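Asker: What follows is a structure written as structure tokens; I'll ask about it next.
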Amino acid sequence: MLEVKTLDKPDERRDFPRGHLEAVHMTGLDFAMGTFEPGWRWSESVKPIAGTDSCQVHHNGYVVSGRMHVTMDEGGESELGPGDVFVIPPGHDAWVVGDEQCVVYDFAGAMAKDYAKAGGQ
């Protein structure tokens, strides 16, 4: 079955401090677009909602604009920018770098389904 949806009319939108997520749910794909404003940090904006010490969502994504720094619980870290494709396993913190909002597309599914939901991640 052919399915087409637009982010102009997402299936759901979740707002959290200094950001929001728009998700579309399709057969075999849960897709999210996250928009993170300058000053956003997972441990400050989403941790109180998720109730975990670090983000436990697996991310497969692409950075559309802006920059984000990611630190892993085990010590690794990296900065992501426009055009970067990334895989980030559970167990991390992240924050926007600079004065530009960071927009990411996430194809892994868990972000679209559970991110920034009470009891989610």
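Residue numbering restarts at 1 for every chain of the structure tokens, chains are lettered A, B, ... in their displayed order, and ligands are numbered from 1 as they appear.
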Near A:Leu29, counting only C-alpha atoms, which residues have an atom at most 9 Å away, once you skip same-chain residues fewer than 3 positions from it, shown as a count of residues only?
Answerer: 6
Asker: If you run DSSP on this backbone, which residues of chain A come out as strand (DSSP E), and could you give them as a ChimeraX atom specification?
Answerer: /A:12-16,19-26,29-36,59-65,67-72,77-80,85-88,92-97,102-106
Asker: From a DSSP calculation on the backbone, collect every residue of chain A in helix (DSSP H, G or I) and output the set as a list in words.
Answerer: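 Of chain A, only Trp42, Ser43, Glu44, Ser45, Lys47, Pro48, Ile49, Ala50, Ala110, Met111, Ala112, Lys113 and Asp114 of chain A fall in helix (DSSP H, G or I).
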Asker: Output C-alpha atoms for every residue in that selection, as a short mmCIF file (atom, residue, chain, number, x, y, z; two decimals), in the first residue's frame.
Answerer:
data_model
loop_
_atom_site.label_atom_id
_atom_site.label_comp_id
_atom_site.auth_asym_id
_atom_site.auth_seq_id
_atom_site.Cartn_x
_atom_site.Cartn_y
_atom_site.Cartn_z
CA TRP A 42 17.97 17.18 26.92
CA SER A 43 18.89 16.96 30.62
CA GLU A 44 17.01 20.22 31.33
CA SER A 45 14.12 20.13 28.81
CA LYS A 47 14.68 14.64 31.44
CA PRO A 48 11.86 15.83 33.75
CA ILE A 49 9.31 14.42 31.26
CA ALA A 50 11.16 11.14 30.55
CA ALA A 110 11.36 5.44 18.90
CA MET A 111 11.64 9.23 18.78
CA ALA A 112 8.36 9.50 16.88
CA LYS A 113 6.62 7.06 19.24
CA ASP A 114 8.06 7.75 22.72
#
Asker: Excluding A:Glu74 and residues on its chain fewer than 2 positions from it, collect all residues at most 12 Å away from it, counting only C-alpha atoms, and give them as a list in words.
Answerer: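 Those residues are Ser54, Val70, Thr71, Met72, Gly76, Glu77, Pro89, Pro90, Gly91, His92 and Asp93 of chain A.
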Asker: Those residues you just picked out, can you put them in a file as a compact mmCIF listing (two decimals), in the first residue's frame with N, CA, C and O atoms?
Answerer:
# COMPACT_ATOMS: atom_id res chain seq x y z
N SER A 54 19.42 9.82 31.54
CA SER A 54 19.90 10.24 30.23
C SER A 54 18.88 9.78 29.19
O SER A 54 17.98 8.99 29.49
N VAL A 70 26.55 16.03 21.40
CA VAL A 70 26.05 14.82 22.05
C VAL A 70 27.16 14.22 22.90
O VAL A 70 28.29 14.08 22.42
N THR A 71 26.85 13.88 24.15
CA THR A 71 27.79 13.16 25.01
C THR A 71 27.14 11.85 25.44
O THR A 71 25.97 11.83 25.84
N MET A 72 27.89 10.78 25.33
CA MET A 72 27.42 9.46 25.71
C MET A 72 27.72 9.20 27.18
O MET A 72 28.71 9.69 27.71
N GLY A 76 31.98 8.91 25.19
CA GLY A 76 32.17 9.41 23.84
C GLY A 76 31.35 10.67 23.62
O GLY A 76 30.36 10.92 24.30
N GLU A 77 31.79 11.49 22.66
CA GLU A 77 31.04 12.70 22.34
C GLU A 77 31.32 13.14 20.91
O GLU A 77 32.33 12.77 20.33
N PRO A 89 23.09 5.70 20.03
CA PRO A 89 22.43 4.69 20.86
C PRO A 89 21.89 5.29 22.16
O PRO A 89 22.25 6.41 22.53
N PRO A 90 21.05 4.55 22.85
CA PRO A 90 20.54 5.03 24.14
C PRO A 90 21.68 5.32 25.11
O PRO A 90 22.75 4.71 25.02
N GLY A 91 21.41 6.26 26.04
CA GLY A 91 22.40 6.61 27.05
C GLY A 91 23.21 7.83 26.67
O GLY A 91 24.42 7.76 26.53
N HIS A 92 22.54 8.98 26.50
CA HIS A 92 23.24 10.19 26.09
C HIS A 92 22.52 11.44 26.58
O HIS A 92 21.37 11.40 26.98
N ASP A 93 23.26 12.54 26.55
CA ASP A 93 22.70 13.88 26.74
C ASP A 93 23.05 14.64 25.48
O ASP A 93 23.98 14.27 24.74
Asker: Using only C-alpha atoms, find the one residue out of A:Val96, A:Met68, A:Leu7, A:Ala23 that sits nearest to A:Leu80.
Answerer: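 When distances to A:Leu80 are compared using only C-alpha atoms, the smallest one comes from A:Met68.
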Asker: Please measure the separation of atom CA of A:Glu79 and atom CA of A:Trp95, giving the value in Å to one decimal.
Answerer: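 Distance between the two atoms: 9.6 Å.
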Asker: So how many Å separate atom CA of A:Thr52 and atom CA of A:Pro17, to one decimal?
Answerer: 16.6 Å
Asker: Would you compute the distance between atom CA of A:Asp8 and atom CA of A:Glu22? Give it in Å to one decimal.
Answerer: 9.2 Å
